[in-house]
Each structure stands twice: as C-alpha cells, then as structure tokens.
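Enquirer: Please find one structure pasted underneath; my questions will follow.
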Amino acid sequence: MDLGNGCLVEMLPYACATLPEGTILATKTTPTAQDESLGSLFKLADVALSAAESFAALNVATARQAIADGARNTKAVLSVKSAADAAQVQSALTKPSSDSAVQYSQKAYEISSDAAKELAKVFQDQFEQMNRSLRDLAQRTAHVGTTGIPGNMGPFNQVFEAANKAFENINAAVKQATENAQAMTKK
C-alpha cells in the first residue's frame, strides 16, 4: 500500500526519503536505532553487573577465609611453648597466605577475562550490525543513484572488506594475547 510519497506500508519500520527523480531510499527510523542501542546498553550493563557480582562473591569468600585463617593462626601461635615450635609455626603460617594470594589473583583474572570476552562479543555484535546496516545503505544508495543509474559499489566494498579485515586482525591479536596471558598465569 502506497502512503502517498512513494513509501510502502512494508517500509514502516523505516523512514522514507525521496531522492531526485522520485527514487525512494528507506533508512532505519530513530526509534528502531534507539531500540538496538538500548539492547546493546543493557547487554553491557548485564556483563558489568555480573562481573561486579562475581568480584563481590570472591571478596566475601576471601574475607571469610582470611578470618578462618587468622583464627587458626592465632591458636597456633598461642600453642607455642619453645623456640623450635615458634620457628615451625612461622614457616607453616607463611605458605597458606601466599597460596591464598595466588588463588585470589587467579580467580580475579578469570572473572576479568570472562567479562572481557563477553564485552568483546557485545562489541563484535554491534560492529557486525553496524557493518550490515552501512553495507545495506550503501547498496541501496548505489542502486538508486541521483542519475537513476546504479552506482559503482567497488569502493564501498573495498572499504567494508578492509574494515572487516582490520577488525578480524584486532580480534585475533586480542585472543592470542589472552591465551598467552592465561597460559602464563597457569604456570
């Protein structure tokens, strides 16, 4: 159904613009773009809150462990009756605290790494959506050039391919760096 300016009812999620010579180009309306942006924003907020919740749980567990270790260490120190016992207790007390620090660091790194992966996925999805929208707009624009003759898509395709390749290279480098860092922390 024609709405009068050449826009069809099927184009309603889009805003219609009439180009010279009566050609129609449909672009996404602001509410649709805002919905997509809000969806991405909520995903980012969810990832951030999940990471904060995980850090809070880690900190509470670490505090509980520190209190339990402190009570155990106090009992051990109070049970010392000789210099030999004191040396033995001192060496026994040092090892658990360093192990706890390493475990805390590994868990904190794991939480950060998982959050970074989730954020990267959200940004990658956003980039892909933007790329699809731009490619679609460029193709529609090229097909309805101001002279009515389909435009040359070669330069647009080259730009999109270069941007995609750069994004893939950055993703590969980040993944490699993450894998290297994980391998180093597990040693």
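Naming works like this for the structure tokens: A, B, ... for the chains as they're shown, residue 1 at the start of each chain, ligands 1 onward in shown order.
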When you look at region 39-51 of chain A with a cut-off of 10 Å (counting only C-alpha atoms), what residues show up, excluding the ones that are within fewer than 3 positions of it in the same chain? I need them as a PyMOL selection string.
Expert: chain A and resi 33-36+54-57+108+111-120+122-123+125-126
Enquirer: For the selection you just gave me, I'd like the residues written to a file as a CSV table (one decimal), in the first residue's frame, keeping N, CA, C and O atoms.
Expert:
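Done, and the output landed in out-v5.csv:
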chain,number,residue,atom,x,y,z
A,33,ALA,N,16.7,2.4,15.8
A,33,ALA,CA,18.1,2.5,16.1
A,33,ALA,C,18.2,2.7,17.6
A,33,ALA,O,19.2,2.1,18.2
A,34,GLN,N,17.3,3.4,18.3
A,34,GLN,CA,17.4,3.6,19.7
A,34,GLN,C,17.2,2.2,20.4
A,34,GLN,O,17.8,1.9,21.4
A,35,ASP,N,16.2,1.4,19.9
A,35,ASP,CA,16.0,0.1,20.5
A,35,ASP,C,17.2,-0.8,20.4
A,35,ASP,O,17.5,-1.4,21.4
A,36,GLU,N,17.9,-0.7,19.3
A,36,GLU,CA,19.1,-1.5,19.1
A,36,GLU,C,20.2,-1.0,20.1
A,36,GLU,O,20.9,-1.8,20.7
A,54,SER,N,30.4,-11.2,40.7
A,54,SER,CA,31.5,-12.2,40.9
A,54,SER,C,32.6,-11.7,41.7
A,54,SER,O,33.1,-12.5,42.6
A,55,PHE,N,33.0,-10.5,41.5
A,55,PHE,CA,34.1,-9.9,42.4
A,55,PHE,C,33.6,-9.8,43.8
A,55,PHE,O,34.4,-10.0,44.7
A,56,ALA,N,32.4,-9.4,44.0
A,56,ALA,CA,31.9,-9.3,45.4
A,56,ALA,C,31.9,-10.6,46.1
A,56,ALA,O,32.3,-10.8,47.2
A,57,ALA,N,31.4,-11.7,45.4
A,57,ALA,CA,31.4,-13.0,45.9
A,57,ALA,C,32.8,-13.5,46.2
A,57,ALA,O,33.1,-14.1,47.3
A,108,ALA,N,40.5,-13.7,40.3
A,108,ALA,CA,40.2,-12.3,39.8
A,108,ALA,C,40.5,-12.2,38.3
A,108,ALA,O,39.7,-11.6,37.6
A,111,ILE,N,37.7,-13.9,36.4
A,111,ILE,CA,36.5,-13.1,36.3
A,111,ILE,C,36.7,-11.9,35.3
A,111,ILE,O,35.8,-11.7,34.4
A,112,SER,N,37.8,-11.3,35.3
A,112,SER,CA,38.1,-10.2,34.4
A,112,SER,C,38.1,-10.7,33.0
A,112,SER,O,37.6,-10.1,32.0
A,113,SER,N,38.8,-11.8,32.8
A,113,SER,CA,38.9,-12.4,31.4
A,113,SER,C,37.5,-12.8,30.9
A,113,SER,O,37.2,-12.5,29.7
A,114,ASP,N,36.7,-13.4,31.7
A,114,ASP,CA,35.3,-13.7,31.2
A,114,ASP,C,34.5,-12.5,30.9
A,114,ASP,O,33.8,-12.5,29.9
A,115,ALA,N,34.6,-11.5,31.7
A,115,ALA,CA,33.9,-10.2,31.4
A,115,ALA,C,34.4,-9.6,30.1
A,115,ALA,O,33.6,-9.1,29.3
A,116,ALA,N,35.7,-9.6,29.9
A,116,ALA,CA,36.3,-9.0,28.7
A,116,ALA,C,35.8,-9.8,27.5
A,116,ALA,O,35.5,-9.2,26.4
A,117,LYS,N,35.7,-11.1,27.6
A,117,LYS,CA,35.2,-11.9,26.5
A,117,LYS,C,33.8,-11.6,26.1
A,117,LYS,O,33.4,-11.4,25.0
A,118,GLU,N,33.0,-11.4,27.2
A,118,GLU,CA,31.6,-11.0,27.0
A,118,GLU,C,31.4,-9.6,26.4
A,118,GLU,O,30.6,-9.4,25.5
A,119,LEU,N,32.2,-8.7,26.9
A,119,LEU,CA,32.2,-7.4,26.3
A,119,LEU,C,32.7,-7.4,24.9
A,119,LEU,O,32.1,-6.7,24.0
A,120,ALA,N,33.7,-8.1,24.6
A,120,ALA,CA,34.2,-8.2,23.2
A,120,ALA,C,33.1,-8.8,22.3
A,120,ALA,O,32.9,-8.3,21.1
A,122,VAL,N,29.8,-8.5,22.7
A,122,VAL,CA,28.8,-7.5,22.5
A,122,VAL,C,29.3,-6.4,21.5
A,122,VAL,O,28.5,-6.1,20.6
A,123,PHE,N,30.5,-6.0,21.6
A,123,PHE,CA,31.1,-5.0,20.7
A,123,PHE,C,31.2,-5.6,19.3
A,123,PHE,O,30.9,-4.9,18.3
A,125,ASP,N,29.2,-8.0,18.0
A,125,ASP,CA,27.8,-8.0,17.5
A,125,ASP,C,27.4,-6.6,17.0
A,125,ASP,O,26.8,-6.5,16.0
A,126,GLN,N,27.7,-5.6,17.8
A,126,GLN,CA,27.4,-4.2,17.4
A,126,GLN,C,28.1,-3.8,16.2
A,126,GLN,O,27.5,-3.2,15.3
Enquirer: If I take CA of Ala61 (chain A) and CA of Val77 (chain A), how far is one from the other in Å, to one decimal?
Expert: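 Calculated distance between CA of Ala61 (chain A) and CA of Val77 (chain A) is 24.1 Å.
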